[in-house]
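With PDB, C-alpha atoms and all ligand atoms inside, this is entry29.pdb:
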ATOM      1  CA  MET H   1      56.177 -62.651  84.045  1.00  0.00           C
ATOM      2  CA  ASN H   2      57.686 -59.653  82.317  1.00  0.00           C
ATOM      3  CA  THR H   3      61.460 -59.829  82.798  1.00  0.00           C
ATOM      4  CA  THR H   4      62.363 -56.737  80.792  1.00  0.00           C
ATOM      5  CA  PRO H   5      65.962 -55.721  81.515  1.00  0.00           C
ATOM      6  CA  ASN H   6      66.451 -52.620  83.651  1.00  0.00           C
ATOM      7  CA  ARG H   7      66.836 -50.119  80.900  1.00  0.00           C
ATOM      8  CA  LEU H   8      64.936 -47.951  78.491  1.00  0.00           C
ATOM      9  CA  ILE H   9      66.693 -46.850  75.333  1.00  0.00           C
ATOM     10  CA  ILE H  10      65.144 -43.927  73.458  1.00  0.00           C
ATOM     11  CA  ALA H  11      66.174 -43.804  69.802  1.00  0.00           C
ATOM     12  CA  PRO H  12      64.779 -40.862  67.818  1.00  0.00           C
ATOM     13  CA  SER H  13      64.327 -41.685  64.130  1.00  0.00           C
ATOM     14  CA  LEU H  14      65.912 -39.084  61.881  1.00  0.00           C
ATOM     15  CA  LEU H  15      63.272 -39.882  59.249  1.00  0.00           C
ATOM     16  CA  ALA H  16      61.053 -37.209  60.791  1.00  0.00           C
ATOM     17  CA  ALA H  17      63.830 -34.603  61.110  1.00  0.00           C
ATOM     18  CA  ASP H  18      64.428 -31.609  58.841  1.00  0.00           C
ATOM     19  CA  PHE H  19      66.531 -33.206  56.085  1.00  0.00           C
ATOM     20  CA  ALA H  20      68.109 -29.859  55.252  1.00  0.00           C
ATOM     21  CA  ARG H  21      69.604 -29.700  58.783  1.00  0.00           C
ATOM     22  CA  LEU H  22      70.457 -33.290  59.699  1.00  0.00           C
ATOM     23  CA  GLY H  23      73.635 -32.486  61.656  1.00  0.00           C
ATOM     24  CA  GLU H  24      71.892 -29.832  63.696  1.00  0.00           C
ATOM     25  CA  GLU H  25      68.901 -32.094  64.321  1.00  0.00           C
ATOM     26  CA  THR H  26      71.197 -34.916  65.460  1.00  0.00           C
ATOM     27  CA  ARG H  27      72.973 -32.659  67.954  1.00  0.00           C
ATOM     28  CA  ALA H  28      69.623 -31.350  69.164  1.00  0.00           C
ATOM     29  CA  VAL H  29      68.200 -34.774  70.076  1.00  0.00           C
ATOM     30  CA  GLU H  30      71.462 -35.779  71.738  1.00  0.00           C
ATOM     31  CA  ALA H  31      71.333 -32.625  73.865  1.00  0.00           C
ATOM     32  CA  ALA H  32      67.666 -33.394  74.588  1.00  0.00           C
ATOM     33  CA  GLY H  33      68.556 -36.739  76.184  1.00  0.00           C
ATOM     34  CA  ALA H  34      68.332 -39.316  73.399  1.00  0.00           C
ATOM     35  CA  ASP H  35      70.330 -42.542  73.846  1.00  0.00           C
ATOM     36  CA  TRP H  36      70.706 -43.750  70.250  1.00  0.00           C
ATOM     37  CA  LEU H  37      70.171 -42.203  66.819  1.00  0.00           C
ATOM     38  CA  HIS H  38      67.977 -44.309  64.509  1.00  0.00           C
ATOM     39  CA  LEU H  39      68.731 -43.995  60.786  1.00  0.00           C
ATOM     40  CA  ASP H  40      66.252 -45.352  58.224  1.00  0.00           C
ATOM     41  CA  ILE H  41      67.862 -46.416  54.962  1.00  0.00           C
ATOM     42  CA  MET H  42      65.310 -46.894  52.153  1.00  0.00           C
ATOM     43  CA  ASP H  43      66.002 -47.823  48.540  1.00  0.00           C
ATOM     44  CA  GLY H  44      62.692 -47.313  46.711  1.00  0.00           C
ATOM     45  CA  HIS H  45      62.698 -51.051  45.943  1.00  0.00           C
ATOM     46  CA  PHE H  46      62.406 -52.992  49.191  1.00  0.00           C
ATOM     47  CA  VAL H  47      60.155 -50.198  50.468  1.00  0.00           C
ATOM     48  CA  PRO H  48      58.290 -47.546  48.462  1.00  0.00           C
ATOM     49  CA  ASN H  49      60.430 -44.607  49.625  1.00  0.00           C
ATOM     50  CA  ILE H  50      64.033 -43.393  49.282  1.00  0.00           C
ATOM     51  CA  THR H  51      66.086 -41.729  52.013  1.00  0.00           C
ATOM     52  CA  PHE H  52      69.891 -41.641  52.160  1.00  0.00           C
ATOM     53  CA  GLY H  53      72.947 -43.898  52.145  1.00  0.00           C
ATOM     54  CA  PRO H  54      76.332 -44.446  53.803  1.00  0.00           C
ATOM     55  CA  LEU H  55      77.702 -41.027  52.805  1.00  0.00           C
ATOM     56  CA  VAL H  56      75.111 -39.305  54.979  1.00  0.00           C
ATOM     57  CA  VAL H  57      75.674 -41.768  57.837  1.00  0.00           C
ATOM     58  CA  LYS H  58      79.410 -41.016  57.653  1.00  0.00           C
ATOM     59  CA  ALA H  59      78.788 -37.271  57.666  1.00  0.00           C
ATOM     60  CA  LEU H  60      76.523 -37.560  60.718  1.00  0.00           C
ATOM     61  CA  ARG H  61      79.063 -39.692  62.611  1.00  0.00           C
ATOM     62  CA  LYS H  62      81.052 -36.489  63.224  1.00  0.00           C
ATOM     63  CA  HIS H  63      78.058 -34.806  64.828  1.00  0.00           C
ATOM     64  CA  THR H  64      77.310 -37.246  67.636  1.00  0.00           C
ATOM     65  CA  ALA H  65      78.714 -39.636  70.228  1.00  0.00           C
ATOM     66  CA  MET H  66      75.393 -41.522  70.323  1.00  0.00           C
ATOM     67  CA  PRO H  67      75.431 -45.073  68.985  1.00  0.00           C
ATOM     68  CA  MET H  68      74.118 -45.015  65.414  1.00  0.00           C
ATOM     69  CA  ASP H  69      71.307 -47.527  64.944  1.00  0.00           C
ATOM     70  CA  VAL H  70      71.046 -48.253  61.230  1.00  0.00           C
ATOM     71  CA  HIS H  71      67.818 -49.810  59.929  1.00  0.00           C
ATOM     72  CA  LEU H  72      68.402 -51.148  56.420  1.00  0.00           C
ATOM     73  CA  MET H  73      65.313 -51.327  54.215  1.00  0.00           C
ATOM     74  CA  ILE H  74      67.203 -52.238  51.055  1.00  0.00           C
ATOM     75  CA  ALA H  75      67.460 -55.345  48.870  1.00  0.00           C
ATOM     76  CA  PRO H  76      69.797 -56.956  48.216  1.00  0.00           C
ATOM     77  CA  VAL H  77      71.336 -55.900  51.522  1.00  0.00           C
ATOM     78  CA  ASP H  78      74.613 -57.852  51.748  1.00  0.00           C
ATOM     79  CA  PRO H  79      76.595 -55.757  49.220  1.00  0.00           C
ATOM     80  CA  TYR H  80      76.054 -52.578  51.286  1.00  0.00           C
ATOM     81  CA  ILE H  81      76.689 -53.771  54.836  1.00  0.00           C
ATOM     82  CA  ALA H  82      80.445 -53.082  54.810  1.00  0.00           C
ATOM     83  CA  ALA H  83      79.817 -49.537  53.579  1.00  0.00           C
ATOM     84  CA  PHE H  84      77.491 -48.794  56.498  1.00  0.00           C
ATOM     85  CA  ALA H  85      79.932 -50.367  58.956  1.00  0.00           C
ATOM     86  CA  GLU H  86      82.747 -48.199  57.592  1.00  0.00           C
ATOM     87  CA  ALA H  87      80.480 -45.156  57.709  1.00  0.00           C
ATOM     88  CA  GLY H  88      80.247 -45.498  61.483  1.00  0.00           C
ATOM     89  CA  ALA H  89      77.122 -47.538  62.180  1.00  0.00           C
ATOM     90  CA  ASP H  90      77.162 -49.252  65.587  1.00  0.00           C
ATOM     91  CA  ASN H  91      74.081 -51.422  65.065  1.00  0.00           C
ATOM     92  CA  ILE H  92      73.078 -52.780  61.662  1.00  0.00           C
ATOM     93  CA  SER H  93      69.597 -54.277  61.378  1.00  0.00           C
ATOM     94  CA  VAL H  94      68.213 -56.132  58.366  1.00  0.00           C
ATOM     95  CA  HIS H  95      64.891 -57.604  57.315  1.00  0.00           C
ATOM     96  CA  PRO H  96      64.845 -61.389  56.712  1.00  0.00           C
ATOM     97  CA  GLU H  97      63.189 -60.681  53.335  1.00  0.00           C
ATOM     98  CA  SER H  98      66.067 -58.518  52.093  1.00  0.00           C
ATOM     99  CA  GLY H  99      68.390 -61.377  51.195  1.00  0.00           C
ATOM    100  CA  PRO H 100      68.385 -65.148  50.674  1.00  0.00           C
ATOM    101  CA  HIS H 101      70.714 -66.049  53.577  1.00  0.00           C
ATOM    102  CA  LEU H 102      69.874 -64.319  56.850  1.00  0.00           C
ATOM    103  CA  HIS H 103      72.361 -66.446  58.798  1.00  0.00           C
ATOM    104  CA  ARG H 104      75.184 -65.385  56.484  1.00  0.00           C
ATOM    105  CA  THR H 105      74.114 -61.722  56.651  1.00  0.00           C
ATOM    106  CA  LEU H 106      74.201 -61.748  60.456  1.00  0.00           C
ATOM    107  CA  GLN H 107      77.626 -63.404  60.389  1.00  0.00           C
ATOM    108  CA  LEU H 108      78.819 -60.651  58.065  1.00  0.00           C
ATOM    109  CA  ILE H 109      77.563 -57.868  60.358  1.00  0.00           C
ATOM    110  CA  ARG H 110      79.171 -59.533  63.391  1.00  0.00           C
ATOM    111  CA  SER H 111      82.453 -60.060  61.502  1.00  0.00           C
ATOM    112  CA  LEU H 112      82.639 -56.293  61.032  1.00  0.00           C
ATOM    113  CA  GLY H 113      82.412 -55.775  64.788  1.00  0.00           C
ATOM    114  CA  LYS H 114      78.853 -54.399  64.754  1.00  0.00           C
ATOM    115  CA  LYS H 115      75.727 -55.353  66.679  1.00  0.00           C
ATOM    116  CA  ALA H 116      73.550 -57.493  64.392  1.00  0.00           C
ATOM    117  CA  GLY H 117      69.811 -56.841  64.304  1.00  0.00           C
ATOM    118  CA  VAL H 118      66.817 -58.459  62.622  1.00  0.00           C
ATOM    119  CA  VAL H 119      63.651 -56.509  61.818  1.00  0.00           C
ATOM    120  CA  LEU H 120      60.262 -58.200  61.705  1.00  0.00           C
ATOM    121  CA  ASN H 121      57.580 -56.645  59.507  1.00  0.00           C
ATOM    122  CA  PRO H 122      54.005 -56.789  60.828  1.00  0.00           C
ATOM    123  CA  ALA H 123      53.296 -59.927  58.763  1.00  0.00           C
ATOM    124  CA  THR H 124      56.650 -61.629  59.467  1.00  0.00           C
ATOM    125  CA  PRO H 125      56.341 -64.403  62.059  1.00  0.00           C
ATOM    126  CA  VAL H 126      58.766 -64.849  64.956  1.00  0.00           C
ATOM    127  CA  ASP H 127      59.698 -68.227  63.454  1.00  0.00           C
ATOM    128  CA  ALA H 128      61.783 -66.314  60.893  1.00  0.00           C
ATOM    129  CA  ILE H 129      64.477 -65.837  63.556  1.00  0.00           C
ATOM    130  CA  ALA H 130      64.010 -68.896  65.785  1.00  0.00           C
ATOM    131  CA  HIS H 131      67.096 -70.619  64.403  1.00  0.00           C
ATOM    132  CA  VAL H 132      69.446 -67.625  64.267  1.00  0.00           C
ATOM    133  CA  MET H 133      68.963 -66.273  67.788  1.00  0.00           C
ATOM    134  CA  ASP H 134      72.598 -67.051  68.622  1.00  0.00           C
ATOM    135  CA  LEU H 135      73.715 -64.499  66.010  1.00  0.00           C
ATOM    136  CA  ILE H 136      71.296 -61.730  67.020  1.00  0.00           C
ATOM    137  CA  ASP H 137      72.080 -58.752  69.265  1.00  0.00           C
ATOM    138  CA  ILE H 138      68.925 -56.742  68.477  1.00  0.00           C
ATOM    139  CA  ILE H 139      65.366 -57.618  67.459  1.00  0.00           C
ATOM    140  CA  MET H 140      63.279 -54.809  65.984  1.00  0.00           C
ATOM    141  CA  VAL H 141      59.514 -55.198  65.738  1.00  0.00           C
ATOM    142  CA  MET H 142      57.841 -53.023  63.108  1.00  0.00           C
ATOM    143  CA  THR H 143      54.561 -51.668  64.442  1.00  0.00           C
ATOM    144  CA  VAL H 144      53.882 -50.019  61.074  1.00  0.00           C
ATOM    145  CA  ASN H 145      54.613 -51.245  57.568  1.00  0.00           C
ATOM    146  CA  PRO H 146      58.127 -50.012  56.731  1.00  0.00           C
ATOM    147  CA  GLY H 147      58.636 -47.120  54.347  1.00  0.00           C
ATOM    148  CA  PHE H 148      57.154 -44.048  55.969  1.00  0.00           C
ATOM    149  CA  GLY H 149      57.037 -42.175  59.247  1.00  0.00           C
ATOM    150  CA  GLY H 150      53.884 -40.874  60.852  1.00  0.00           C
ATOM    151  CA  GLN H 151      51.776 -44.002  60.399  1.00  0.00           C
ATOM    152  CA  ALA H 152      49.321 -45.463  62.905  1.00  0.00           C
ATOM    153  CA  PHE H 153      50.566 -48.065  65.416  1.00  0.00           C
ATOM    154  CA  ILE H 154      49.487 -51.640  64.594  1.00  0.00           C
ATOM    155  CA  ALA H 155      48.254 -53.088  67.898  1.00  0.00           C
ATOM    156  CA  SER H 156      48.275 -56.707  66.682  1.00  0.00           C
ATOM    157  CA  GLN H 157      52.059 -56.639  67.153  1.00  0.00           C
ATOM    158  CA  LEU H 158      51.786 -56.484  70.953  1.00  0.00           C
ATOM    159  CA  SER H 159      51.429 -60.247  71.278  1.00  0.00           C
ATOM    160  CA  LYS H 160      54.460 -60.691  69.016  1.00  0.00           C
ATOM    161  CA  ILE H 161      56.493 -58.398  71.280  1.00  0.00           C
ATOM    162  CA  ALA H 162      55.509 -60.476  74.318  1.00  0.00           C
ATOM    163  CA  THR H 163      56.447 -63.703  72.516  1.00  0.00           C
ATOM    164  CA  LEU H 164      59.834 -62.263  71.551  1.00  0.00           C
ATOM    165  CA  ARG H 165      60.451 -61.094  75.132  1.00  0.00           C
ATOM    166  CA  GLN H 166      60.000 -64.686  76.238  1.00  0.00           C
ATOM    167  CA  MET H 167      62.212 -66.015  73.425  1.00  0.00           C
ATOM    168  CA  ILE H 168      64.948 -63.553  74.426  1.00  0.00           C
ATOM    169  CA  ASP H 169      64.675 -64.412  78.111  1.00  0.00           C
ATOM    170  CA  ASP H 170      64.910 -68.105  77.225  1.00  0.00           C
ATOM    171  CA  THR H 171      68.290 -67.498  75.570  1.00  0.00           C
ATOM    172  CA  GLY H 172      69.693 -65.936  78.747  1.00  0.00           C
ATOM    173  CA  ARG H 173      71.447 -63.428  76.492  1.00  0.00           C
ATOM    174  CA  ASP H 174      71.182 -59.653  76.470  1.00  0.00           C
ATOM    175  CA  ILE H 175      69.315 -59.158  73.194  1.00  0.00           C
ATOM    176  CA  ILE H 176      67.743 -55.712  72.854  1.00  0.00           C
ATOM    177  CA  LEU H 177      64.061 -55.621  71.870  1.00  0.00           C
ATOM    178  CA  GLN H 178      63.264 -52.497  69.845  1.00  0.00           C
ATOM    179  CA  ILE H 179      59.906 -51.248  68.613  1.00  0.00           C
ATOM    180  CA  ASP H 180      59.676 -49.088  65.490  1.00  0.00           C
ATOM    181  CA  GLY H 181      56.644 -47.235  64.196  1.00  0.00           C
ATOM    182  CA  GLY H 182      53.816 -45.200  65.657  1.00  0.00           C
ATOM    183  CA  ILE H 183      55.463 -44.854  69.061  1.00  0.00           C
ATOM    184  CA  THR H 184      53.919 -42.040  71.112  1.00  0.00           C
ATOM    185  CA  PRO H 185      53.353 -41.434  74.842  1.00  0.00           C
ATOM    186  CA  ALA H 186      50.037 -43.290  74.320  1.00  0.00           C
ATOM    187  CA  THR H 187      51.457 -46.419  72.643  1.00  0.00           C
ATOM    188  CA  ALA H 188      54.786 -46.590  74.505  1.00  0.00           C
ATOM    189  CA  PRO H 189      53.331 -47.984  77.775  1.00  0.00           C
ATOM    190  CA  LYS H 190      51.731 -50.860  75.849  1.00  0.00           C
ATOM    191  CA  VAL H 191      54.959 -51.966  74.163  1.00  0.00           C
ATOM    192  CA  LEU H 192      56.970 -51.536  77.358  1.00  0.00           C
ATOM    193  CA  GLU H 193      54.472 -53.628  79.263  1.00  0.00           C
ATOM    194  CA  ALA H 194      54.763 -56.282  76.547  1.00  0.00           C
ATOM    195  CA  GLY H 195      58.516 -56.388  77.128  1.00  0.00           C
ATOM    196  CA  ALA H 196      60.255 -53.853  74.881  1.00  0.00           C
ATOM    197  CA  ASP H 197      63.391 -52.124  76.047  1.00  0.00           C
ATOM    198  CA  CYS H 198      64.071 -49.694  73.187  1.00  0.00           C
ATOM    199  CA  LEU H 199      61.616 -47.187  71.727  1.00  0.00           C
ATOM    200  CA  ILE H 200      62.237 -45.791  68.242  1.00  0.00           C
ATOM    201  CA  ALA H 201      60.280 -42.602  67.667  1.00  0.00           C
ATOM    202  CA  GLY H 202      60.359 -40.267  64.689  1.00  0.00           C
ATOM    203  CA  THR H 203      57.275 -38.100  64.579  1.00  0.00           C
ATOM    204  CA  ALA H 204      56.777 -38.129  68.358  1.00  0.00           C
ATOM    205  CA  VAL H 205      60.210 -36.529  68.847  1.00  0.00           C
ATOM    206  CA  PHE H 206      61.054 -34.493  65.739  1.00  0.00           C
ATOM    207  CA  GLY H 207      57.449 -33.432  65.261  1.00  0.00           C
ATOM    208  CA  ALA H 208      57.311 -31.998  68.777  1.00  0.00           C
ATOM    209  CA  PRO H 209      58.119 -28.352  69.556  1.00  0.00           C
ATOM    210  CA  ASP H 210      60.400 -29.361  72.471  1.00  0.00           C
ATOM    211  CA  TYR H 211      62.593 -32.442  71.875  1.00  0.00           C
ATOM    212  CA  ALA H 212      63.618 -32.800  75.542  1.00  0.00           C
ATOM    213  CA  GLN H 213      60.011 -32.732  76.660  1.00  0.00           C
ATOM    214  CA  ALA H 214      59.070 -35.284  73.967  1.00  0.00           C
ATOM    215  CA  ILE H 215      61.849 -37.673  75.063  1.00  0.00           C
ATOM    216  CA  SER H 216      60.888 -37.228  78.730  1.00  0.00           C
ATOM    217  CA  ALA H 217      57.284 -38.056  77.866  1.00  0.00           C
ATOM    218  CA  LEU H 218      58.419 -41.347  76.310  1.00  0.00           C
ATOM    219  CA  ARG H 219      60.643 -42.152  79.321  1.00  0.00           C
ATOM    220  CA  ALA H 220      57.690 -41.498  81.606  1.00  0.00           C
ATOM    221  CA  ALA H 221      55.855 -44.325  79.824  1.00  0.00           C
ATOM    222  CA  ARG H 222      57.869 -46.925  81.720  1.00  0.00           C
ATOM    223  CA  PRO H 223      55.448 -49.231  83.536  1.00  0.00           C
ATOM    224  CA  ARG H 224      57.586 -49.039  86.670  1.00  0.00           C
ATOM    225  CA  GLN H 225      60.559 -47.012  87.806  1.00  0.00           C
ATOM    226  CA  LEU H 226      63.803 -48.568  86.625  1.00  0.00           C
ATOM    227  CA  PRO H 227      67.407 -47.404  87.046  1.00  0.00           C
ATOM    228  CA  GLU H 228      68.668 -45.066  84.345  1.00  0.00           C
ATOM    229  CA  LEU H 229      70.513 -46.661  81.456  1.00  0.00           C
ATOM    230  CA  THR H 230      74.149 -45.875  80.741  1.00  0.00           C
ATOM    231  CA  VAL H 231      75.038 -46.309  77.063  1.00  0.00           C
ATOM    232  CA  SER H 232      78.430 -45.769  75.517  1.00  0.00           C
ATOM    233  CA  GLY H 233      79.002 -43.678  72.410  1.00  0.00           C
ATOM    234  CA  GLY H 234      80.258 -44.905  69.050  1.00  0.00           C
TER     235      GLY H 234
HETATM  236  O1  LIG Y 301      61.479 -47.506  60.007  1.00  0.00           O
HETATM  237  C1  LIG Y 301      60.693 -46.598  59.984  1.00  0.00           C
HETATM  238  C2  LIG Y 301      59.676 -46.537  58.891  1.00  0.00           C
HETATM  239  O2  LIG Y 301      59.914 -47.558  58.000  1.00  0.00           O
HETATM  240  C3  LIG Y 301      60.769 -45.493  61.008  1.00  0.00           C
HETATM  241  O3  LIG Y 301      61.837 -45.734  61.889  1.00  0.00           O
HETATM  242  C4  LIG Y 301      59.473 -45.329  61.785  1.00  0.00           C
HETATM  243  O4  LIG Y 301      58.370 -45.235  60.963  1.00  0.00           O
HETATM  244  C5  LIG Y 301      59.545 -44.144  62.737  1.00  0.00           C
HETATM  245  O5  LIG Y 301      58.652 -43.162  62.403  1.00  0.00           O
HETATM  246  P1  LIG Y 301      57.365 -42.791  63.320  1.00  0.00           P
HETATM  247  O6  LIG Y 301      57.844 -42.764  64.743  1.00  0.00           O
HETATM  248  O7  LIG Y 301      56.971 -41.450  62.793  1.00  0.00           O
HETATM  249  O8  LIG Y 301      56.342 -43.863  63.082  1.00  0.00           O
HETATM  250 FE    FE Y 302      63.217 -47.544  61.335  1.00  0.00          FE
END

Do you think you could lay out the structure here as structure tokens?
Ligand SMILES: O=C(CO)[C@H](O)[C@H](O)COP(=O)(O)O
Ligand SMILES: [Fe+2]
Amino acid sequence: MNTTPNRLIIAPSLLAADFARLGEETRAVEAAGADWLHLDIMDGHFVPNITFGPLVVKALRKHTAMPMDVHLMIAPVDPYIAAFAEAGADNISVHPESGPHLHRTLQLIRSLGKKAGVVLNPATPVDAIAHVMDLIDIIMVMTVNPGFGGQAFIASQLSKIATLRQMIDDTGRDIILQIDGGITPATAPKVLEAGADCLIAGTAVFGAPDYAQAISALRAARPRQLPELTVSGG
């Protein structure tokens, strides 16, 4: 049985925004009905692309009340977590492969008062987090290989999403299950049916002519009508 919590969080990924107008783009998706802002941090080492760092996150903090959902694709990751926390991140998510001690990294994020997330690459098994579930607030499933926006959705991850939904439900805790990569109105129903409760979408939102319409199209992908989510700002 799918016991997805009664919510749907839409988190546009700034990776697909106009990088010359990041503040404006952030305000635009907030006005268009986004719940969270997803920020992809890439170092050209852990992934083959480079984006931006804590200075940009701090600058954007002033432009939005949305929770800032920071996805760290950097290695080593531990030395930079405090900087992103101080910059105004609300959620800090890391890949298990980006440091030798995932348990310690999650403790560090929690100690800074932030939601701690773990991101699973397409080839990373769910076992990677089985013994740290008590320290996790967010699980992010990559449905593309990390590093670039605009890639095709990897359907083999649907069974992983369903397995994680069950693992989360077994904890009895409110862990948010996010999906990142290739999310469109066509793929969103599949991941929601599998048990996701947060959709991260870059190209499908920032690549659309009308952001509000794009976000509505993702919300309409819910397999059944659920009450609207209320999320607090950061
Ligand atoms: O983490 C990411 C890539 O590493 C991005 O969040 C993701 O790719 C979103 O972009 P799109 O919706 O265009 O696939
Ligand atoms: Fe991301």

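With distances restricted to all atoms listed in the file, H:Asn145 is the closest residue to ligand FE 302 (chain Y) from H:Thr105, H:Thr163, H:Asn145, H:Thr187.
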
message: At a cut-off of 12 Å around the point (63.9, -69.9, 68.8) (file coordinates), what residues fall inside when counting all atoms listed in the file? I'd like the answer as a PyMOL selection string.
response: chain H and resi 125-136+163-171

message: For ligand LIG 301 (chain Y), return the neighbouring residues as a ChimeraX atom specification (distance at most 9 Å; all atoms listed in the file).
response: /H:12-16,38-42,47,49,71-73,142-153,179-184,200-207

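Closest approach to H:Leu22 among H:Arg173, H:Lys62, H:His101, H:His45 is made by H:Lys62 (distances from only C-alpha atoms).
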
task: Identify which of the residues H:Leu102, H:Ala188, H:Ile139, H:Val56 lies closest to ligand FE 302 (chain Y), counting all atoms listed in the file when measuring atom-to-atom distances.
output: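 Among the listed residues, the smallest separation from ligand FE 302 (chain Y) belongs to H:Ile139.
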
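With all atoms listed in the file as the atoms that count, the minimum distance from ligand FE 302 (chain Y) to the choices H:Thr51, H:Ala194, H:Glu97, H:Thr124 is reached by H:Thr51.
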
task: Kindly give the distance, in Å, that separates atom CA of H:Thr26 and atom CA of H:Arg222, rounded to a single decimal.
output: 24.2 Å

- line: The distance between atom CA of H:Leu192 and atom CA of H:Ile138 is 15.8 Å

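This file, filtered with the PyMOL selection byres (((chain H and resi 59) around 12) and not hetatm), gives the residues H:Arg21, H:Leu22, H:Gly23, H:Glu24, H:Thr26, H:Phe52, H:Gly53, H:Pro54, H:Leu55, H:Val56, H:Val57, H:Lys58, H:Leu60, H:Arg61, H:Lys62, H:His63, H:Thr64, H:Met68, H:Phe84, H:Glu86, H:Ala87, H:Gly88, H:Ala89.
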
Missing atoms in stretch 82-93 of chain H: can you complete it with N, CA and C atoms, as a CSV table (one decimal), in the frame of the given file?
chain,number,residue,atom,x,y,z
H,82,ALA,N,79.1,-53.6,54.5
H,82,ALA,CA,80.4,-53.1,54.8
H,82,ALA,C,80.5,-51.6,54.7
H,83,ALA,N,79.8,-51.0,53.7
H,83,ALA,CA,79.8,-49.5,53.6
H,83,ALA,C,79.2,-48.8,54.8
H,84,PHE,N,78.1,-49.4,55.3
H,84,PHE,CA,77.5,-48.8,56.5
H,84,PHE,C,78.4,-49.0,57.7
H,85,ALA,N,79.0,-50.1,57.8
H,85,ALA,CA,79.9,-50.4,59.0
H,85,ALA,C,81.1,-49.3,58.9
H,86,GLU,N,81.6,-49.2,57.7
H,86,GLU,CA,82.7,-48.2,57.6
H,86,GLU,C,82.3,-46.8,57.8
H,87,ALA,N,81.0,-46.5,57.5
H,87,ALA,CA,80.5,-45.2,57.7
H,87,ALA,C,80.3,-44.8,59.2
H,88,GLY,N,80.3,-45.8,60.1
H,88,GLY,CA,80.2,-45.5,61.5
H,88,GLY,C,79.0,-46.0,62.2
H,89,ALA,N,78.3,-46.9,61.5
H,89,ALA,CA,77.1,-47.5,62.2
H,89,ALA,C,77.6,-48.4,63.4
H,90,ASP,N,76.8,-48.4,64.4
H,90,ASP,CA,77.2,-49.3,65.6
H,90,ASP,C,76.3,-50.5,65.6
H,91,ASN,N,75.0,-50.3,65.2
H,91,ASN,CA,74.1,-51.4,65.1
H,91,ASN,C,73.6,-51.5,63.6
H,92,ILE,N,73.6,-52.6,63.0
H,92,ILE,CA,73.1,-52.8,61.7
H,92,ILE,C,72.0,-53.8,61.7
H,93,SER,N,70.8,-53.4,61.3
H,93,SER,CA,69.6,-54.3,61.4
H,93,SER,C,69.0,-54.5,60.0
